[in-house]
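In what follows, a single structure is set out as structure tokens and then discussed.
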4 protein chains.
Amino acid sequence: MNLATATVRHEIPFHDVDAMRVVWHGNYARYFEIARCHLLRHFDLDYHDMEAMGYLFPVIRMDCRYVSPLRFGDVALVTATVVEAEFKMSIRYRIVEEKTGRKVATGSTEHAVLDGDFNLLMPVPLEIRERFHKGDKPSASP
Amino acid sequence: MNLATATVRHEIPFHDVDAMRVVWHGNYARYFEIARCHLLRHFDLDYHDMEAMGYLFPVIRMDCRYVSPLRFGDVALVTATVVEAEFKMSIRYRIVEEKTGRKVATGSTEHAVLDGDFNLLMPVPLEIRERFHKGDKPSASP
Amino acid sequence: MNLATATVRHEIPFHDVDAMRVVWHGNYARYFEIARCHLLRHFDLDYHDMEAMGYLFPVIRMDCRYVSPLRFGDVALVTATVVEAEFKMSIRYRIVEEKTGRKVATGSTEHAVLDGDFNLLMPVPLEIRERFHKGDKPSASP
Amino acid sequence: MNLATATVRHEIPFHDVDAMRVVWHGNYARYFEIARCHLLRHFDLDYHDMEAMGYLFPVIRMDCRYVSPLRFGDVALVTATVVEAEFKMSIRYRIVEEKTGRKVATGSTEHAVLDGDFNLLMPVPLEIRERFHKGDKPSASP
């Protein structure tokens, strides 16, 4: 599999900023998710697609390293990359501030694939893995 | 119907406060909902109960007046009161800061009752209205 | 004053949707704010500008009417319009779903202008009002 | 230093639950923070205290493992424990569902201590470390 990747552009709204005037750290999970959904939609694997196939797709682990802050009005470029989709699904994230190019954060999420009875499916079902191979679609970029 | 009412105590967390160091105004909808759910649960009318009866219960209007700010560490006392449950469901809110007793905000929400096919039910179905009458349960207070 | 207006395009993320699979009603305050900030920035009147002039600019009232739901993946077109900027600042909002053009919600916010000692300034200071007149800038649209 | 620990009780509100009817994974950062603030306040080290001493206290890393879901109405018992406060500040979290006692999640955060000019202070300043030693205060528990 090629490393599948997508980048979304996200302008920081006022309500994402905390009393220290930087983006509250917990909001990065939202930025990661926006980029991840954008990436997975590209492979017809977003929440609706997974559900239509009868799968659940919960986050089982997440981490984030905060390198430099984002402020109200900054533009975050959030890149999501699939790094594993065989035994579990692992996605890596990188956030860069648009104007300066400075690195803001890195992180990752791991996802389990469950069937409708909440059984863990391992390895990842073939019909999911195949979608990552289906094409050499160019990187999505909104 | 007696005016049914419930008050919940909510300590303001850091992540609810904005760059001006006061609770961001949009968070009041969350405080209202916590008090409303507490109140409705008291009458066996929370989201799960409504759903079990086959109803949807969307918010169709909301307003809030902001009188004085809440800060990190303040304790909000949020009171929800059912003011109408005949043709639609209307709930009124009042938030007071615990230590000083100062008035923080007032507001209201209106809710429609829909059946499973998204048809508006008006007046509010009898089996819902009856639950408000079922007892002279004392005001809930956590 | 011409009616100053700006529209922002907002794709609904998964985390804005509730257990009923529609955007949770409290999130509309965030959508309104994104459009409002976009509009005010256009007149050099966003949070930072107001603060640089020595003013605070709190929301003192908000309301929203919910007409039809937004779902994960829908695109909301959120329009903010200044309807008064003389005695207080009033802004009106309208949300439309992009693909179908259906009306989703309408609402409004009112804002007070305070000086650094939290005194209410009424009417709105001239240096603020003048910024709305400064040009016949075209509507902003991202 | 004894392992300082505090547990808070958090009832899951409707707005924390996503379309899969479980708490959206990003909300765990909020639960962690509520427990952490409760713990640090116990040692006079919450945000306000740190700021009064002239320090900033940003989160520089966070992780979470999701073991079992929380649903609307569940009660989460969120325990925060200081595991290091010498070279950096590290806090560990554990969430358990109150009624069943089942394990919901574990996680950790790391925090840097910065002075007012954003210089990293390493080791953690003595006046901070001393506060953890100041007493054998009992575990806080709301």
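Residue names in the structure tokens use chain letters A, B, ... in the order shown, residue numbers from 1 in each chain, and ligand numbers from 1 in the order shown.
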Exercise for the section: Apply DSSP to the backbone of this structure and, from chain D, keep only the residues in helix (DSSP H, G or I); write these as number ranges by chain. Expected result: D: 14-16, 25-42, 47-52, 126-133
Practice task
Please identify which residues in segment 15-133 of chain A DSSP calls strand (DSSP E) from the backbone, and express them as a count of residues only.
Solution key: 37
Exercise for the section: Determine, counting only C-alpha atoms, which protein, DNA and RNA residues have an atom within 12 Å of an atom of Val67 of chain B; residues of the same chain fewer than 5 positions away are not included. Present the result as a list in words. Expected result: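 That gives His25, Arg94, Ile95, Val96, Glu97, Arg102, Lys103, Val104, Ala105, Thr106 and Gly107 of chain B; Pro58, Val59, Ile60, Arg61, Met62, His111 and Ala112 of chain C.
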Write to file, as a tab-separated table (two decimals), in the first residue's frame, the residues of the selection just made, with N, CA, C and O atoms.
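Output contents, as saved in result_17.tsv:
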```tsv
chain	number	residue	atom	x	y	z
B	25	HIS	N	-19.82	31.93	25.63
B	25	HIS	CA	-21.29	31.99	25.69
B	25	HIS	C	-21.98	30.74	25.15
B	25	HIS	O	-23.04	30.37	25.62
B	94	ARG	N	-32.42	29.33	34.58
B	94	ARG	CA	-31.86	30.45	35.33
B	94	ARG	C	-30.56	29.95	35.94
B	94	ARG	O	-30.52	28.89	36.56
B	95	ILE	N	-29.51	30.72	35.75
B	95	ILE	CA	-28.21	30.34	36.32
B	95	ILE	C	-27.78	31.41	37.32
B	95	ILE	O	-27.84	32.61	37.03
B	96	VAL	N	-27.36	30.94	38.48
B	96	VAL	CA	-26.92	31.79	39.57
B	96	VAL	C	-25.55	31.30	40.02
B	96	VAL	O	-25.30	30.09	40.01
B	97	GLU	N	-24.67	32.22	40.36
B	97	GLU	CA	-23.36	31.81	40.88
B	97	GLU	C	-23.50	31.49	42.36
B	97	GLU	O	-24.08	32.27	43.12
B	102	ARG	N	-25.20	35.92	42.72
B	102	ARG	CA	-25.52	36.84	41.60
B	102	ARG	C	-26.09	36.07	40.42
B	102	ARG	O	-25.73	34.94	40.14
B	103	LYS	N	-26.98	36.75	39.73
B	103	LYS	CA	-27.63	36.18	38.54
B	103	LYS	C	-26.64	36.18	37.39
B	103	LYS	O	-25.99	37.19	37.11
B	104	VAL	N	-26.53	35.07	36.73
B	104	VAL	CA	-25.57	34.91	35.64
B	104	VAL	C	-26.25	34.94	34.28
B	104	VAL	O	-25.80	35.61	33.35
B	105	ALA	N	-27.34	34.20	34.15
B	105	ALA	CA	-28.01	34.11	32.85
B	105	ALA	C	-29.41	33.57	33.02
B	105	ALA	O	-29.72	32.91	34.02
B	106	THR	N	-30.25	33.88	32.05
B	106	THR	CA	-31.57	33.26	31.94
B	106	THR	C	-31.74	32.81	30.50
B	106	THR	O	-31.07	33.32	29.61
B	107	GLY	N	-32.62	31.86	30.29
B	107	GLY	CA	-32.85	31.41	28.92
B	107	GLY	C	-34.03	30.49	28.84
B	107	GLY	O	-34.73	30.26	29.84
C	58	PRO	N	-18.66	41.63	24.76
C	58	PRO	CA	-19.33	40.37	25.12
C	58	PRO	C	-20.69	40.17	24.43
C	58	PRO	O	-21.38	41.14	24.13
C	59	VAL	N	-21.03	38.93	24.23
C	59	VAL	CA	-22.38	38.55	23.81
C	59	VAL	C	-23.31	38.75	24.99
C	59	VAL	O	-23.04	38.26	26.09
C	60	ILE	N	-24.39	39.48	24.80
C	60	ILE	CA	-25.35	39.67	25.90
C	60	ILE	C	-26.68	38.97	25.66
C	60	ILE	O	-27.49	38.84	26.57
C	61	ARG	N	-26.92	38.53	24.44
C	61	ARG	CA	-28.13	37.78	24.14
C	61	ARG	C	-27.88	36.95	22.91
C	61	ARG	O	-27.13	37.36	22.02
C	62	MET	N	-28.49	35.80	22.86
C	62	MET	CA	-28.40	34.96	21.67
C	62	MET	C	-29.69	34.19	21.53
C	62	MET	O	-30.31	33.81	22.53
C	111	HIS	N	-24.50	42.25	21.20
C	111	HIS	CA	-23.21	42.44	21.85
C	111	HIS	C	-23.16	43.82	22.48
C	111	HIS	O	-23.59	44.79	21.86
C	112	ALA	N	-22.65	43.88	23.67
C	112	ALA	CA	-22.40	45.17	24.32
C	112	ALA	C	-20.96	45.57	24.01
C	112	ALA	O	-20.11	44.73	23.73
```
Go through chain B and flag each residue having an atom no more than 12 Å from chain C; for those, report the closest pair of atoms plus their distance in Å to one decimal, using only C-alpha atoms, ordered by chain and rising number, as a Markdown table.
```
| residue | atom | partner | partner_atom | distance |
| --- | --- | --- | --- | --- |
| B:Asp18 | CA | C:Pro58 | CA | 11.3 |
| B:Ala19 | CA | C:Tyr47 | CA | 9.6 |
| B:Met20 | CA | C:Leu56 | CA | 8.6 |
| B:Arg21 | CA | C:Pro58 | CA | 11.6 |
| B:Val22 | CA | C:Pro58 | CA | 9.8 |
| B:Val23 | CA | C:Pro58 | CA | 10.8 |
| B:Trp24 | CA | C:Val59 | CA | 9.2 |
| B:His25 | CA | C:Val59 | CA | 6.9 |
| B:Gly26 | CA | C:Ala29 | CA | 5.3 |
| B:Asn27 | CA | C:Gly26 | CA | 7.5 |
| B:Tyr28 | CA | C:Gly26 | CA | 8.3 |
| B:Ala29 | CA | C:Gly26 | CA | 5.3 |
| B:Arg30 | CA | C:Gly26 | CA | 6.9 |
| B:Tyr31 | CA | C:Gly26 | CA | 10.1 |
| B:Phe32 | CA | C:Gly26 | CA | 9.8 |
| B:Glu33 | CA | C:Gly26 | CA | 9.2 |
| B:Tyr47 | CA | C:Ala19 | CA | 9.6 |
| B:His48 | CA | C:Ala19 | CA | 10.5 |
| B:Glu51 | CA | C:Met20 | CA | 10.0 |
| B:Tyr55 | CA | C:Met20 | CA | 11.5 |
| B:Leu56 | CA | C:Met20 | CA | 8.6 |
| B:Phe57 | CA | C:Met20 | CA | 9.7 |
| B:Pro58 | CA | C:His25 | CA | 8.6 |
| B:Val59 | CA | C:His25 | CA | 6.9 |
| B:Ile60 | CA | C:Tyr66 | CA | 4.7 |
| B:Arg61 | CA | C:Arg65 | CA | 4.4 |
| B:Met62 | CA | C:Cys64 | CA | 5.4 |
| B:Asp63 | CA | C:Asp63 | CA | 4.0 |
| B:Cys64 | CA | C:Met62 | CA | 5.4 |
| B:Arg65 | CA | C:Arg61 | CA | 4.4 |
| B:Tyr66 | CA | C:Ile60 | CA | 4.7 |
| B:Val67 | CA | C:Ile60 | CA | 6.9 |
| B:Ser68 | CA | C:Ile60 | CA | 9.0 |
| B:Pro69 | CA | C:Pro58 | CA | 9.5 |
| B:Val104 | CA | C:Ile60 | CA | 10.8 |
| B:Ala105 | CA | C:Ile60 | CA | 9.3 |
| B:Thr106 | CA | C:Arg61 | CA | 9.6 |
| B:Gly107 | CA | C:Asp63 | CA | 9.1 |
| B:Ser108 | CA | C:Asp63 | CA | 9.3 |
| B:Thr109 | CA | C:Cys64 | CA | 9.6 |
| B:Glu110 | CA | C:Arg65 | CA | 9.4 |
| B:His111 | CA | C:Tyr66 | CA | 10.0 |
| B:Ala112 | CA | C:Tyr66 | CA | 10.5 |
| B:Phe118 | CA | C:Ser68 | CA | 11.1 |
```
Could you dump the residues just selected with C-alpha atoms as a PDB file, in the first residue's frame?
```pdb
ATOM      1  CA  ASP B  18     -12.395  31.540  26.580  1.00  0.00           C
ATOM      2  CA  ALA B  19      -9.580  34.001  25.888  1.00  0.00           C
ATOM      3  CA  MET B  20     -11.480  36.658  27.881  1.00  0.00           C
ATOM      4  CA  ARG B  21     -11.289  34.279  30.872  1.00  0.00           C
ATOM      5  CA  VAL B  22     -15.047  33.935  31.129  1.00  0.00           C
ATOM      6  CA  VAL B  23     -17.219  31.000  30.117  1.00  0.00           C
ATOM      7  CA  TRP B  24     -17.656  31.105  26.347  1.00  0.00           C
ATOM      8  CA  HIS B  25     -21.287  31.994  25.686  1.00  0.00           C
ATOM      9  CA  GLY B  26     -22.014  28.906  23.583  1.00  0.00           C
ATOM     10  CA  ASN B  27     -21.326  26.633  26.548  1.00  0.00           C
ATOM     11  CA  TYR B  28     -24.496  27.750  28.288  1.00  0.00           C
ATOM     12  CA  ALA B  29     -26.465  25.424  25.992  1.00  0.00           C
ATOM     13  CA  ARG B  30     -24.585  22.590  27.659  1.00  0.00           C
ATOM     14  CA  TYR B  31     -25.428  23.824  31.135  1.00  0.00           C
ATOM     15  CA  PHE B  32     -29.082  24.176  30.188  1.00  0.00           C
ATOM     16  CA  GLU B  33     -29.115  20.645  28.827  1.00  0.00           C
ATOM     17  CA  TYR B  47     -33.891  10.928  25.809  1.00  0.00           C
ATOM     18  CA  HIS B  48     -33.966   7.181  26.378  1.00  0.00           C
ATOM     19  CA  GLU B  51     -37.116   7.083  22.385  1.00  0.00           C
ATOM     20  CA  TYR B  55     -40.793   9.843  20.064  1.00  0.00           C
ATOM     21  CA  LEU B  56     -38.150  12.269  18.961  1.00  0.00           C
ATOM     22  CA  PHE B  57     -37.784  15.395  20.949  1.00  0.00           C
ATOM     23  CA  PRO B  58     -35.719  18.011  19.105  1.00  0.00           C
ATOM     24  CA  VAL B  59     -34.919  21.515  20.313  1.00  0.00           C
ATOM     25  CA  ILE B  60     -36.702  23.921  17.959  1.00  0.00           C
ATOM     26  CA  ARG B  61     -35.793  27.218  19.624  1.00  0.00           C
ATOM     27  CA  MET B  62     -33.331  28.405  22.200  1.00  0.00           C
ATOM     28  CA  ASP B  63     -32.401  31.759  23.683  1.00  0.00           C
ATOM     29  CA  CYS B  64     -30.099  33.013  26.391  1.00  0.00           C
ATOM     30  CA  ARG B  65     -29.513  36.365  28.092  1.00  0.00           C
ATOM     31  CA  TYR B  66     -26.067  36.799  29.601  1.00  0.00           C
ATOM     32  CA  VAL B  67     -26.179  38.935  32.721  1.00  0.00           C
ATOM     33  CA  SER B  68     -22.796  38.435  34.397  1.00  0.00           C
ATOM     34  CA  PRO B  69     -19.838  36.202  33.609  1.00  0.00           C
ATOM     35  CA  VAL B 104     -25.567  34.906  35.644  1.00  0.00           C
ATOM     36  CA  ALA B 105     -28.008  34.110  32.850  1.00  0.00           C
ATOM     37  CA  THR B 106     -31.567  33.260  31.943  1.00  0.00           C
ATOM     38  CA  GLY B 107     -32.847  31.414  28.921  1.00  0.00           C
ATOM     39  CA  SER B 108     -35.358  29.034  27.471  1.00  0.00           C
ATOM     40  CA  THR B 109     -35.724  26.156  25.050  1.00  0.00           C
ATOM     41  CA  GLU B 110     -38.712  24.891  23.104  1.00  0.00           C
ATOM     42  CA  HIS B 111     -39.021  21.305  22.009  1.00  0.00           C
ATOM     43  CA  ALA B 112     -41.228  19.627  19.467  1.00  0.00           C
ATOM     44  CA  PHE B 118     -40.915  12.815  11.859  1.00  0.00           C
TER      45      PHE B 118
END
```
Just the residues within 8 Å of Val124 of chain D, please, counting only C-alpha atoms, with nothing from its chain fewer than 6 positions along; format it as a PDB file with N, CA, C and O atoms, in the first residue's frame.
```
ATOM      1  N   ALA D  85       7.199  14.791  39.270  1.00  0.00           N
ATOM      2  CA  ALA D  85       7.153  16.245  39.370  1.00  0.00           C
ATOM      3  C   ALA D  85       8.557  16.787  39.587  1.00  0.00           C
ATOM      4  O   ALA D  85       8.748  17.788  40.258  1.00  0.00           O
ATOM      5  N   GLU D  86       9.548  16.106  39.009  1.00  0.00           N
ATOM      6  CA  GLU D  86      10.930  16.535  39.217  1.00  0.00           C
ATOM      7  C   GLU D  86      11.450  17.252  37.973  1.00  0.00           C
ATOM      8  O   GLU D  86      11.694  18.448  37.990  1.00  0.00           O
ATOM      9  N   PHE D  87      11.571  16.515  36.867  1.00  0.00           N
ATOM     10  CA  PHE D  87      12.106  17.133  35.654  1.00  0.00           C
ATOM     11  C   PHE D  87      11.002  17.706  34.790  1.00  0.00           C
ATOM     12  O   PHE D  87      11.166  18.673  34.098  1.00  0.00           O
ATOM     13  N   LYS D  88       9.887  17.054  34.840  1.00  0.00           N
ATOM     14  CA  LYS D  88       8.672  17.573  34.222  1.00  0.00           C
ATOM     15  C   LYS D  88       7.544  17.114  35.113  1.00  0.00           C
ATOM     16  O   LYS D  88       7.769  16.413  36.094  1.00  0.00           O
ATOM     17  N   MET D  89       6.347  17.496  34.776  1.00  0.00           N
ATOM     18  CA  MET D  89       5.191  17.059  35.544  1.00  0.00           C
ATOM     19  C   MET D  89       4.447  16.013  34.723  1.00  0.00           C
ATOM     20  O   MET D  89       4.052  16.284  33.587  1.00  0.00           O
ATOM     21  N   VAL D 113       6.932  23.325  32.548  1.00  0.00           N
ATOM     22  CA  VAL D 113       6.803  24.558  33.316  1.00  0.00           C
ATOM     23  C   VAL D 113       7.650  25.619  32.602  1.00  0.00           C
ATOM     24  O   VAL D 113       8.842  25.411  32.360  1.00  0.00           O
TER      25      VAL D 113
END
```
Problem - Residues near Val82 of chain A, cut-off 8 Å, only C-alpha atoms, skip fewer than 5 positions along chain, as a list in words - result: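 These residues fall inside the cut-off: Leu3, Ala4, Thr5, Met89, Ser90, Ile91 and Arg92 of chain A.
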Take the residues from that selection and put them in a file with all heavy atoms, as a PDB file, in the first residue's frame.
```pdb
ATOM      1  N   LEU A   3       1.495   4.969   1.086  1.00  0.00           N
ATOM      2  CA  LEU A   3       1.025   5.711   2.234  1.00  0.00           C
ATOM      3  C   LEU A   3      -0.052   6.670   1.759  1.00  0.00           C
ATOM      4  O   LEU A   3       0.209   7.581   0.982  1.00  0.00           O
ATOM      5  CB  LEU A   3       2.173   6.472   2.876  1.00  0.00           C
ATOM      6  CG  LEU A   3       3.122   5.606   3.694  1.00  0.00           C
ATOM      7  CD1 LEU A   3       4.155   6.487   4.371  1.00  0.00           C
ATOM      8  CD2 LEU A   3       2.362   4.814   4.748  1.00  0.00           C
ATOM      9  N   ALA A   4      -1.260   6.412   2.210  1.00  0.00           N
ATOM     10  CA  ALA A   4      -2.376   7.277   1.820  1.00  0.00           C
ATOM     11  C   ALA A   4      -2.368   8.487   2.734  1.00  0.00           C
ATOM     12  O   ALA A   4      -2.211   8.352   3.945  1.00  0.00           O
ATOM     13  CB  ALA A   4      -3.682   6.511   1.973  1.00  0.00           C
ATOM     14  N   THR A   5      -2.547   9.651   2.179  1.00  0.00           N
ATOM     15  CA  THR A   5      -2.437  10.859   2.972  1.00  0.00           C
ATOM     16  C   THR A   5      -3.409  11.927   2.482  1.00  0.00           C
ATOM     17  O   THR A   5      -3.797  11.933   1.316  1.00  0.00           O
ATOM     18  CB  THR A   5      -0.972  11.359   2.940  1.00  0.00           C
ATOM     19  OG1 THR A   5      -0.733  12.205   4.038  1.00  0.00           O
ATOM     20  CG2 THR A   5      -0.661  12.106   1.664  1.00  0.00           C
ATOM     21  N   MET A  89      -5.964  -0.545  12.325  1.00  0.00           N
ATOM     22  CA  MET A  89      -5.821   0.642  11.505  1.00  0.00           C
ATOM     23  C   MET A  89      -5.081   1.697  12.330  1.00  0.00           C
ATOM     24  O   MET A  89      -5.531   2.060  13.421  1.00  0.00           O
ATOM     25  CB  MET A  89      -7.208   1.146  11.143  1.00  0.00           C
ATOM     26  CG  MET A  89      -7.213   2.342  10.264  1.00  0.00           C
ATOM     27  SD  MET A  89      -7.291   1.897   8.522  1.00  0.00           S
ATOM     28  CE  MET A  89      -9.020   1.419   8.401  1.00  0.00           C
ATOM     29  N   SER A  90      -3.968   2.175  11.812  1.00  0.00           N
ATOM     30  CA  SER A  90      -3.208   3.219  12.511  1.00  0.00           C
ATOM     31  C   SER A  90      -3.067   4.433  11.607  1.00  0.00           C
ATOM     32  O   SER A  90      -2.702   4.282  10.439  1.00  0.00           O
ATOM     33  CB  SER A  90      -1.807   2.733  12.885  1.00  0.00           C
ATOM     34  OG  SER A  90      -1.876   1.668  13.789  1.00  0.00           O
ATOM     35  N   ILE A  91      -3.309   5.576  12.165  1.00  0.00           N
ATOM     36  CA  ILE A  91      -3.230   6.816  11.397  1.00  0.00           C
ATOM     37  C   ILE A  91      -2.339   7.793  12.158  1.00  0.00           C
ATOM     38  O   ILE A  91      -2.398   7.879  13.384  1.00  0.00           O
ATOM     39  CB  ILE A  91      -4.641   7.387  11.151  1.00  0.00           C
ATOM     40  CG1 ILE A  91      -5.431   6.363  10.305  1.00  0.00           C
ATOM     41  CG2 ILE A  91      -4.583   8.741  10.439  1.00  0.00           C
ATOM     42  CD1 ILE A  91      -6.864   6.717  10.059  1.00  0.00           C
ATOM     43  N   ARG A  92      -1.504   8.480  11.407  1.00  0.00           N
ATOM     44  CA  ARG A  92      -0.552   9.430  11.983  1.00  0.00           C
ATOM     45  C   ARG A  92      -0.953  10.825  11.550  1.00  0.00           C
ATOM     46  O   ARG A  92      -1.459  11.009  10.435  1.00  0.00           O
ATOM     47  CB  ARG A  92       0.839   9.092  11.436  1.00  0.00           C
ATOM     48  CG  ARG A  92       1.993   9.597  12.240  1.00  0.00           C
ATOM     49  CD  ARG A  92       3.294   9.006  11.712  1.00  0.00           C
ATOM     50  NE  ARG A  92       3.450   9.248  10.284  1.00  0.00           N
ATOM     51  CZ  ARG A  92       4.246   8.542   9.482  1.00  0.00           C
ATOM     52  NH1 ARG A  92       4.954   7.529   9.952  1.00  0.00           N
ATOM     53  NH2 ARG A  92       4.335   8.846   8.205  1.00  0.00           N
TER      54      ARG A  92
END
```
Practice task
Between atom CA of Arg71 of chain D and atom CA of Ile12 of chain D, measure the distance and give it in Å to one decimal.
Solution key: 6.8 Å
Problem - Polymer residues at most 10 Å from Gly73 of chain C, only C-alpha atoms, same-chain spacing of 6 or more positions, as a PyMOL selection string - result: (chain A and resi 37-38+41+46+48) or (chain C and resi 10-14+17)
Practice task
Write out as JSON, numbers by chain which residues come within 8 Å of Lys99 of chain C when counting only C-alpha atoms, dropping same-chain ones fewer than 2 positions away.
Solution key: {"C": [74, 75, 97, 101]}
